[in-house]
$ cat coords.cif   # mmCIF, C-alpha atoms
data_query
#
loop_
_atom_site.group_PDB
_atom_site.id
_atom_site.type_symbol
_atom_site.label_atom_id
_atom_site.label_comp_id
_atom_site.auth_asym_id
_atom_site.auth_seq_id
_atom_site.Cartn_x
_atom_site.Cartn_y
_atom_site.Cartn_z
ATOM 1 C CA MET O 389 85.113 104.220 127.853
ATOM 2 C CA ASN O 390 84.519 107.642 126.281
ATOM 3 C CA TYR O 391 81.936 108.368 123.586
ATOM 4 C CA SER O 392 82.404 111.494 121.479
ATOM 5 C CA LYS O 393 81.602 113.211 118.216
ATOM 6 C CA ILE O 394 83.820 115.331 115.997
ATOM 7 C CA LYS O 395 82.931 117.244 112.829
ATOM 8 C CA ILE O 396 84.730 116.156 109.645
ATOM 9 C CA GLN O 397 83.728 117.752 106.333
ATOM 10 C CA GLU O 398 80.537 119.026 108.025
ATOM 11 C CA ILE O 399 79.706 115.454 109.098
ATOM 12 C CA ASN O 400 79.389 114.599 112.775
ATOM 13 C CA ILE O 401 81.501 111.481 113.280
ATOM 14 C CA PHE O 402 80.856 109.350 116.343
ATOM 15 C CA TYR O 403 83.704 107.451 117.970
ATOM 16 C CA ARG O 404 84.513 105.551 121.125
ATOM 17 C CA GLU O 405 87.903 105.342 122.805
ATOM 18 C CA ASP O 406 89.539 103.886 125.855
ATOM 19 C CA GLY O 407 92.978 103.272 127.300
ATOM 20 C CA ASP O 408 96.072 105.258 128.248
ATOM 21 C CA LYS O 409 97.060 107.844 125.629
ATOM 22 C CA ASN O 410 100.703 107.116 126.419
ATOM 23 C CA LYS O 411 100.224 103.606 125.025
ATOM 24 C CA PRO O 412 100.354 102.852 121.268
ATOM 25 C CA TYR O 413 97.201 103.706 119.336
ATOM 26 C CA PHE O 414 95.034 100.864 118.055
ATOM 27 C CA VAL O 415 92.405 101.913 115.492
ATOM 28 C CA LEU O 416 89.510 99.549 114.834
ATOM 29 C CA PHE O 417 87.823 99.633 111.409
ATOM 30 C CA HIS O 418 84.312 98.173 111.422
ATOM 31 C CA GLY O 419 82.427 96.474 108.598
ATOM 32 C CA PHE O 420 78.959 96.214 107.067
ATOM 33 C CA PRO O 421 76.239 96.558 108.251
ATOM 34 C CA SER O 422 77.802 97.291 111.607
ATOM 35 C CA SER O 423 79.437 100.164 113.467
ATOM 36 C CA SER O 424 81.975 100.677 116.233
ATOM 37 C CA HIS O 425 79.455 98.890 118.455
ATOM 38 C CA MET O 426 80.872 95.618 117.115
ATOM 39 C CA PHE O 427 83.990 96.325 119.224
ATOM 40 C CA ARG O 428 82.092 96.862 122.491
ATOM 41 C CA ASP O 429 83.566 93.714 124.067
ATOM 42 C CA LEU O 430 86.997 93.890 122.413
ATOM 43 C CA ILE O 431 87.978 97.397 123.511
ATOM 44 C CA PRO O 432 87.991 96.617 127.267
ATOM 45 C CA LEU O 433 90.247 93.628 126.575
ATOM 46 C CA LEU O 434 92.793 95.765 124.688
ATOM 47 C CA LYS O 435 92.820 98.973 126.723
ATOM 48 C CA ASN O 436 95.587 97.892 129.113
ATOM 49 C CA ASN O 437 98.086 97.646 126.246
ATOM 50 C CA PHE O 438 96.763 100.270 123.814
ATOM 51 C CA HIS O 439 94.859 103.499 123.423
ATOM 52 C CA VAL O 440 91.938 102.172 121.403
ATOM 53 C CA ILE O 441 89.807 104.213 118.992
ATOM 54 C CA ALA O 442 86.832 103.027 116.915
ATOM 55 C CA MET O 443 84.773 105.377 114.762
ATOM 56 C CA ASP O 444 81.504 105.036 112.839
ATOM 57 C CA TYR O 445 81.898 105.848 109.135
ATOM 58 C CA PRO O 446 79.610 108.431 107.503
ATOM 59 C CA GLY O 447 76.213 106.793 107.038
ATOM 60 C CA PHE O 448 76.897 104.135 109.677
ATOM 61 C CA GLY O 449 76.063 103.770 113.349
ATOM 62 C CA GLN O 450 75.781 107.029 115.282
ATOM 63 C CA SER O 451 77.585 109.186 112.712
ATOM 64 C CA ASP O 452 75.647 111.561 110.473
ATOM 65 C CA ILE O 453 74.036 110.278 107.299
ATOM 66 C CA PRO O 454 74.757 113.007 104.740
ATOM 67 C CA VAL O 455 72.428 113.003 101.759
ATOM 68 C CA ARG O 456 73.805 111.393 98.612
ATOM 69 C CA GLU O 457 73.645 114.719 96.782
ATOM 70 C CA LYS O 458 76.212 116.140 99.199
ATOM 71 C CA PHE O 459 78.383 113.097 99.911
ATOM 72 C CA ASN O 460 79.397 110.537 97.326
ATOM 73 C CA TYR O 461 79.295 107.160 99.070
ATOM 74 C CA THR O 462 82.466 105.503 97.821
ATOM 75 C CA PHE O 463 85.230 103.751 99.699
ATOM 76 C CA ASP O 464 87.666 106.430 98.520
ATOM 77 C CA ASN O 465 85.580 109.170 100.114
ATOM 78 C CA ILE O 466 85.025 107.276 103.354
ATOM 79 C CA ALA O 467 88.776 106.620 103.587
ATOM 80 C CA GLU O 468 89.417 110.353 103.154
ATOM 81 C CA VAL O 469 87.097 111.103 106.092
ATOM 82 C CA VAL O 470 88.861 108.451 108.184
ATOM 83 C CA ASP O 471 92.285 109.843 107.293
ATOM 84 C CA GLU O 472 91.208 113.356 108.272
ATOM 85 C CA PHE O 473 89.672 112.007 111.475
ATOM 86 C CA LEU O 474 92.976 110.408 112.486
ATOM 87 C CA LYS O 475 94.909 113.579 111.706
ATOM 88 C CA ILE O 476 92.587 115.746 113.794
ATOM 89 C CA LEU O 477 92.880 113.357 116.730
ATOM 90 C CA GLY O 478 96.660 113.437 116.390
ATOM 91 C CA VAL O 479 97.078 109.745 115.665
ATOM 92 C CA GLU O 480 100.567 109.663 114.165
ATOM 93 C CA LYS O 481 101.352 105.936 114.321
ATOM 94 C CA PHE O 482 98.950 103.119 115.037
ATOM 95 C CA TYR O 483 98.057 99.472 114.840
ATOM 96 C CA MET O 484 94.920 98.760 112.887
ATOM 97 C CA TYR O 485 92.217 96.100 113.113
ATOM 98 C CA VAL O 486 90.418 95.654 109.790
ATOM 99 C CA PHE O 487 87.186 93.739 109.300
ATOM 100 C CA ASP O 488 85.024 93.375 106.177
ATOM 101 C CA TYR O 489 84.515 96.908 104.734
ATOM 102 C CA GLY O 490 87.185 98.075 107.145
ATOM 103 C CA ALA O 491 89.868 96.237 105.155
ATOM 104 C CA PRO O 492 89.672 98.297 101.941
ATOM 105 C CA ILE O 493 89.299 101.445 104.056
ATOM 106 C CA GLY O 494 92.218 100.632 106.345
ATOM 107 C CA PHE O 495 94.486 99.506 103.535
ATOM 108 C CA ARG O 496 93.786 102.740 101.658
ATOM 109 C CA ILE O 497 95.078 104.566 104.736
ATOM 110 C CA ALA O 498 98.132 102.293 104.779
ATOM 111 C CA LEU O 499 98.844 102.966 101.094
ATOM 112 C CA LYS O 500 98.688 106.695 101.688
ATOM 113 C CA ASN O 501 100.582 106.699 104.988
ATOM 114 C CA PRO O 502 102.723 103.533 105.163
ATOM 115 C CA GLU O 503 105.017 105.032 107.786
ATOM 116 C CA LYS O 504 102.094 105.322 110.228
ATOM 117 C CA ILE O 505 101.225 101.626 110.394
ATOM 118 C CA LEU O 506 102.733 99.756 113.357
ATOM 119 C CA GLY O 507 100.988 96.478 112.584
ATOM 120 C CA ILE O 508 97.772 94.976 111.237
ATOM 121 C CA VAL O 509 95.117 92.622 112.541
ATOM 122 C CA SER O 510 92.894 91.320 109.762
ATOM 123 C CA GLN O 511 89.744 89.621 111.033
ATOM 124 C CA ASN O 512 87.888 88.447 107.937
ATOM 125 C CA GLY O 513 89.280 91.554 106.284
ATOM 126 C CA ASN O 514 89.988 90.384 102.773
ATOM 127 C CA ILE O 515 92.398 91.772 100.155
ATOM 128 C CA TYR O 516 92.810 88.670 97.952
ATOM 129 C CA GLU O 517 90.623 87.272 95.198
ATOM 130 C CA GLU O 518 91.169 83.846 96.769
ATOM 131 C CA GLY O 519 89.195 85.089 99.753
ATOM 132 C CA LEU O 520 86.055 86.042 97.846
ATOM 133 C CA GLY O 521 83.183 83.633 98.513
ATOM 134 C CA LYS O 522 80.741 82.410 95.877
ATOM 135 C CA LYS O 523 78.418 85.415 96.126
ATOM 136 C CA TRP O 524 81.099 87.686 94.707
ATOM 137 C CA ALA O 525 80.984 86.030 91.279
ATOM 138 C CA ALA O 526 77.359 87.172 90.915
ATOM 139 C CA ARG O 527 78.253 90.634 92.134
ATOM 140 C CA ALA O 528 81.044 90.844 89.572
ATOM 141 C CA GLU O 529 78.422 90.253 86.871
ATOM 142 C CA TYR O 530 76.335 93.034 88.402
ATOM 143 C CA TRP O 531 79.313 95.391 88.281
ATOM 144 C CA LYS O 532 79.689 94.646 84.563
ATOM 145 C CA ASN O 533 75.972 95.076 83.879
ATOM 146 C CA PRO O 534 74.526 97.341 86.597
ATOM 147 C CA THR O 535 70.808 97.187 85.876
ATOM 148 C CA ALA O 536 68.189 98.796 88.102
ATOM 149 C CA GLU O 537 66.712 95.339 88.686
ATOM 150 C CA LEU O 538 69.989 93.961 90.025
ATOM 151 C CA ARG O 539 70.541 97.015 92.213
ATOM 152 C CA GLU O 540 67.124 96.395 93.735
ATOM 153 C CA LYS O 541 67.866 92.689 94.141
ATOM 154 C CA TYR O 542 70.992 93.362 96.178
ATOM 155 C CA LYS O 543 69.004 95.385 98.680
ATOM 156 C CA SER O 544 68.245 91.965 100.153
ATOM 157 C CA ALA O 545 71.626 92.414 101.876
ATOM 158 C CA PHE O 546 69.868 94.825 104.259
ATOM 159 C CA ALA O 547 66.972 92.482 105.096
ATOM 160 C CA PRO O 548 66.749 91.462 108.783
ATOM 161 C CA GLU O 549 67.039 87.757 107.998
ATOM 162 C CA THR O 550 70.206 88.395 105.963
ATOM 163 C CA ILE O 551 71.811 90.348 108.796
ATOM 164 C CA ILE O 552 70.920 87.689 111.360
ATOM 165 C CA GLY O 553 72.467 85.112 109.044
ATOM 166 C CA GLN O 554 75.655 87.162 108.775
ATOM 167 C CA TYR O 555 75.982 87.077 112.543
ATOM 168 C CA THR O 556 74.998 83.490 113.204
ATOM 169 C CA PHE O 557 76.015 81.369 110.212
ATOM 170 C CA GLY O 558 78.954 79.113 111.008
ATOM 171 C CA THR O 559 79.005 79.903 114.731
ATOM 172 C CA PRO O 560 78.666 77.475 117.632
ATOM 173 C CA GLU O 561 75.047 77.021 118.679
ATOM 174 C CA ASN O 562 73.751 79.704 121.069
ATOM 175 C CA SER O 563 77.079 81.555 121.048
ATOM 176 C CA VAL O 564 75.848 84.823 119.482
ATOM 177 C CA ALA O 565 73.793 87.299 121.504
ATOM 178 C CA PRO O 566 71.009 89.103 119.610
ATOM 179 C CA ASP O 567 72.149 92.595 120.643
ATOM 180 C CA GLY O 568 74.567 93.224 117.769
ATOM 181 C CA TYR O 569 72.350 92.177 114.903
ATOM 182 C CA THR O 570 69.271 93.801 116.470
ATOM 183 C CA LEU O 571 71.061 97.153 116.556
ATOM 184 C CA ASP O 572 72.295 96.720 112.979
ATOM 185 C CA ILE O 573 68.751 95.923 111.818
ATOM 186 C CA PHE O 574 67.574 99.130 113.476
ATOM 187 C CA TYR O 575 70.223 101.149 111.632
ATOM 188 C CA THR O 576 69.283 99.629 108.267
ATOM 189 C CA GLN O 577 65.683 100.806 108.581
ATOM 190 C CA ARG O 578 66.612 104.490 108.502
ATOM 191 C CA GLU O 579 65.698 106.781 105.639
ATOM 192 C CA ASN O 580 67.955 106.561 102.558
ATOM 193 C CA TYR O 581 70.025 103.763 104.102
ATOM 194 C CA ALA O 582 69.278 101.252 101.342
ATOM 195 C CA GLU O 583 70.332 103.640 98.570
ATOM 196 C CA ILE O 584 73.512 104.620 100.398
ATOM 197 C CA GLN O 585 74.517 101.012 100.961
ATOM 198 C CA SER O 586 73.591 100.118 97.383
ATOM 199 C CA ASP O 587 76.093 102.749 96.248
ATOM 200 C CA LEU O 588 78.785 101.038 98.334
ATOM 201 C CA ILE O 589 77.898 97.563 97.036
ATOM 202 C CA PHE O 590 78.407 98.860 93.511
ATOM 203 C CA ASP O 591 81.613 100.670 94.443
ATOM 204 C CA TYR O 592 83.072 97.525 96.029
ATOM 205 C CA GLN O 593 84.426 96.621 92.598
ATOM 206 C CA ASN O 594 87.037 99.339 93.082
ATOM 207 C CA ASN O 595 88.257 97.583 96.223
ATOM 208 C CA VAL O 596 88.898 94.406 94.235
ATOM 209 C CA LYS O 597 90.764 96.457 91.626
ATOM 210 C CA LEU O 598 93.002 97.775 94.411
ATOM 211 C CA TYR O 599 93.883 94.324 95.759
ATOM 212 C CA PRO O 600 97.173 94.202 93.793
ATOM 213 C CA LYS O 601 98.222 97.570 95.266
ATOM 214 C CA PHE O 602 97.325 96.438 98.780
ATOM 215 C CA GLN O 603 99.386 93.293 98.247
ATOM 216 C CA LYS O 604 102.302 95.302 96.879
ATOM 217 C CA TYR O 605 102.196 97.446 100.019
ATOM 218 C CA LEU O 606 102.538 94.292 102.129
ATOM 219 C CA ARG O 607 105.477 93.004 100.070
ATOM 220 C CA GLU O 608 107.274 96.328 100.145
ATOM 221 C CA TYR O 609 106.798 97.322 103.790
ATOM 222 C CA GLN O 610 106.423 93.907 105.453
ATOM 223 C CA PRO O 611 104.230 95.106 108.337
ATOM 224 C CA LYS O 612 103.658 92.747 111.215
ATOM 225 C CA LEU O 613 100.315 91.065 110.521
ATOM 226 C CA LEU O 614 97.983 88.790 112.425
ATOM 227 C CA ALA O 615 95.144 87.264 110.399
ATOM 228 C CA VAL O 616 92.524 85.812 112.726
ATOM 229 C CA TRP O 617 89.612 84.473 110.732
ATOM 230 C CA GLY O 618 86.187 83.034 111.346
ATOM 231 C CA LYS O 619 86.895 79.929 109.267
ATOM 232 C CA ASN O 620 83.228 79.321 108.395
ATOM 233 C CA ASP O 621 82.607 82.741 106.848
ATOM 234 C CA PRO O 622 80.878 82.237 103.459
ATOM 235 C CA SER O 623 81.518 85.822 102.345
ATOM 236 C CA PHE O 624 85.268 86.142 102.907
ATOM 237 C CA ILE O 625 86.421 82.545 102.921
ATOM 238 C CA TYR O 626 89.378 81.215 104.878
ATOM 239 C CA GLN O 627 91.665 81.093 101.812
ATOM 240 C CA GLY O 628 91.822 84.887 102.104
ATOM 241 C CA ALA O 629 93.654 84.509 105.403
ATOM 242 C CA GLU O 630 96.057 81.918 104.030
ATOM 243 C CA ALA O 631 96.860 84.169 101.058
ATOM 244 C CA PHE O 632 98.630 86.701 103.289
ATOM 245 C CA LYS O 633 101.532 84.252 103.462
ATOM 246 C CA LYS O 634 102.260 84.900 99.768
ATOM 247 C CA ASP O 635 103.291 88.465 100.533
ATOM 248 C CA LEU O 636 104.114 88.221 104.235
ATOM 249 C CA PRO O 637 105.927 84.952 104.984
ATOM 250 C CA ASN O 638 106.047 85.873 108.685
ATOM 251 C CA ALA O 639 102.314 86.568 108.986
ATOM 252 C CA GLU O 640 100.562 84.849 111.895
ATOM 253 C CA ILE O 641 97.438 82.998 110.693
ATOM 254 C CA HIS O 642 94.826 81.733 113.143
ATOM 255 C CA PHE O 643 91.341 80.323 112.585
ATOM 256 C CA VAL O 644 88.458 80.306 115.030
ATOM 257 C CA ASP O 645 85.343 78.155 114.802
ATOM 258 C CA SER O 646 83.067 81.004 113.842
ATOM 259 C CA GLY O 647 81.624 82.902 110.908
ATOM 260 C CA HIS O 648 81.802 86.456 109.566
ATOM 261 C CA PHE O 649 81.332 88.333 112.862
ATOM 262 C CA ALA O 650 83.850 86.223 114.765
ATOM 263 C CA LEU O 651 84.062 88.716 117.650
ATOM 264 C CA GLU O 652 80.505 87.834 118.616
ATOM 265 C CA SER O 653 81.498 84.312 119.620
ATOM 266 C CA HIS O 654 85.302 84.420 120.054
ATOM 267 C CA CYS O 655 86.143 87.880 121.370
ATOM 268 C CA GLU O 656 88.314 86.717 124.274
ATOM 269 C CA GLU O 657 90.340 84.383 122.069
ATOM 270 C CA ILE O 658 90.886 87.090 119.455
ATOM 271 C CA ALA O 659 91.851 89.656 122.093
ATOM 272 C CA ALA O 660 94.362 87.239 123.602
ATOM 273 C CA LEU O 661 95.998 86.738 120.196
ATOM 274 C CA ILE O 662 96.213 90.496 119.663
ATOM 275 C CA ASN O 663 97.717 91.179 123.082
ATOM 276 C CA LYS O 664 100.192 88.313 122.643
ATOM 277 C CA ASN O 665 101.368 89.499 119.211
ATOM 278 C CA PHE O 666 101.255 93.298 119.666
ATOM 279 C CA GLY O 667 101.024 94.047 123.391
ATOM 280 C CA ASP O 668 103.768 94.848 125.862
#

$ encode --input "coords.cif" --output "structure tokens"
Amino acid sequence: MNYSKIKIQEINIFYREDGDKNKPYFVLFHGFPSSSHMFRDLIPLLKNNFHVIAMDYPGFGQSDIPVREKFNYTFDNIAEVVDEFLKILGVEKFYMYVFDYGAPIGFRIALKNPEKILGIVSQNGNIYEEGLGKKWAARAEYWKNPTAELREKYKSAFAPETIIGQYTFGTPENSVAPDGYTLDIFYTQRENYAEIQSDLIFDYQNNVKLYPKFQKYLREYQPKLLAVWGKNDPSFIYQGAEAFKKDLPNAEIHFVDSGHFALESHCEEIAALINKNFGD
């Protein structure tokens, strides 16, 4: 595996890649509060069939953390950086794996460049209101009435116990190693991280507003899609996977006995489904 950095909009973007460049590209879009590290076990299982690339978004992982005065932390802006990143690397057509925050970022890329998308894997990557768990109702109230008190309250999302819960809730006992959540906890303790992520929590409302456009893209272009979902995820609930069938009757839907970070406990099963559906 190769580990590199490239400068996009004066931001050093870290990425990892592996596999034969003559194979189809597979771009992996990570979620919150993670980074491309979440794909550390998946990439080796895909590299025989694909050239795999996973980047860290601005403010995440090993990429630069530009100050908020110089970079507006919105999903639109992050998607622009991702789009430029792919262009610079010469990624013309690709499969994409979208998880959590990676779904609204990846689907923005698909809306802008529909001809580039070879297929989609959505792993707890939601684009339907049916897939929003109970916590999102409270966040919708926050979006309507964004008080300083509520902004401070939602910083609990970056607390170590919250992150550990994201990794372990709904997973088989002793199936999740501590490495992933320990690294994420380290990243969340960095200067300005809480304010940056609070900006993205508030901006998430614009992802929900785009759900109809994402769904229209699916209906119009009918990309091949595999939804493989940790069925016990309380954040993006399993109905979000089932909803793909409304717009893509041929979508493949699979559930694994896991939670939000399903790769932590079911990486081999997920990789096998990807290689079966999209590999040679």

$ closest_residue --input "coords.cif" --among "O:Thr559, O:Phe632, O:Asn665, O:Phe463" --to "Val644 of chain O" --atoms "all atoms listed in the file"
O:Thr559

$ closest_atom_pairs --input "coords.cif" --of "segment 488-567 of chain O" --to "segment 416-423 of chain O" --cutoff "9 Å" --atoms "all atoms listed in the file" --output "CSV"
residue,atom,partner,partner_atom,distance
O:Asp488,CA,O:Gly419,CA,4.7
O:Tyr489,CA,O:Gly419,CA,4.4
O:Gly490,CA,O:Phe417,CA,4.6
O:Ala491,CA,O:Phe417,CA,7.4
O:Ile493,CA,O:Phe417,CA,7.7
O:Gly494,CA,O:Phe417,CA,6.8
O:Gly513,CA,O:Gly419,CA,8.7
O:Ala545,CA,O:Pro421,CA,8.9
O:Phe546,CA,O:Pro421,CA,7.7
O:Ile551,CA,O:Pro421,CA,7.6

$ residues_around --input "coords.cif" --residues "segment 532-542 of chain O" --least-positions-apart "4" --cutoff "9 Å" --atoms "only C-alpha atoms" --output "list in words"
Arg527, Ala528, Phe546, Ser586, Asp587, Ile589 and Phe590 of chain O

$ atom_distance --input "coords.cif" --atom1 "atom CA of Trp524 of chain O" --atom2 "atom CA of Ile552 of chain O"
19.5 Å

$ resolve_selection --input "coords.cif" --expression "the PyMOL selection byres ((chain O and resi 621) around 12)" --output "mmCIF file with C-alpha atoms, in the coordinates of the input"
data_model
loop_
_atom_site.group_PDB
_atom_site.id
_atom_site.type_symbol
_atom_site.label_atom_id
_atom_site.label_comp_id
_atom_site.auth_asym_id
_atom_site.auth_seq_id
_atom_site.Cartn_x
_atom_site.Cartn_y
_atom_site.Cartn_z
ATOM 1 C CA ASP O 488 85.024 93.375 106.177
ATOM 2 C CA GLN O 511 89.744 89.621 111.033
ATOM 3 C CA ASN O 512 87.888 88.447 107.937
ATOM 4 C CA GLY O 513 89.280 91.554 106.284
ATOM 5 C CA ASN O 514 89.988 90.384 102.773
ATOM 6 C CA GLY O 519 89.195 85.089 99.753
ATOM 7 C CA LEU O 520 86.055 86.042 97.846
ATOM 8 C CA GLY O 521 83.183 83.633 98.513
ATOM 9 C CA LYS O 522 80.741 82.410 95.877
ATOM 10 C CA LYS O 523 78.418 85.415 96.126
ATOM 11 C CA GLY O 553 72.467 85.112 109.044
ATOM 12 C CA GLN O 554 75.655 87.162 108.775
ATOM 13 C CA TYR O 555 75.982 87.077 112.543
ATOM 14 C CA THR O 556 74.998 83.490 113.204
ATOM 15 C CA PHE O 557 76.015 81.369 110.212
ATOM 16 C CA GLY O 558 78.954 79.113 111.008
ATOM 17 C CA THR O 559 79.005 79.903 114.731
ATOM 18 C CA VAL O 616 92.524 85.812 112.726
ATOM 19 C CA TRP O 617 89.612 84.473 110.732
ATOM 20 C CA GLY O 618 86.187 83.034 111.346
ATOM 21 C CA LYS O 619 86.895 79.929 109.267
ATOM 22 C CA ASN O 620 83.228 79.321 108.395
ATOM 23 C CA PRO O 622 80.878 82.237 103.459
ATOM 24 C CA SER O 623 81.518 85.822 102.345
ATOM 25 C CA PHE O 624 85.268 86.142 102.907
ATOM 26 C CA ILE O 625 86.421 82.545 102.921
ATOM 27 C CA TYR O 626 89.378 81.215 104.878
ATOM 28 C CA GLN O 627 91.665 81.093 101.812
ATOM 29 C CA GLY O 628 91.822 84.887 102.104
ATOM 30 C CA ALA O 629 93.654 84.509 105.403
ATOM 31 C CA PHE O 643 91.341 80.323 112.585
ATOM 32 C CA VAL O 644 88.458 80.306 115.030
ATOM 33 C CA ASP O 645 85.343 78.155 114.802
ATOM 34 C CA SER O 646 83.067 81.004 113.842
ATOM 35 C CA GLY O 647 81.624 82.902 110.908
ATOM 36 C CA HIS O 648 81.802 86.456 109.566
ATOM 37 C CA PHE O 649 81.332 88.333 112.862
ATOM 38 C CA ALA O 650 83.850 86.223 114.765
#

$ closest_residue --input "coords.cif" --among "O:Ser392, O:Tyr403, O:Gly449, O:Asn436" --to "Gly568 of chain O" --atoms "only C-alpha atoms"
O:Gly449

$ resolve_selection --input "coords.cif" --expression "the PyMOL selection byres ((chain O and resi 605) around 12)" --output "ChimeraX atom specification"
/O:495-503,505,515,598-604,606-611,632,635-636
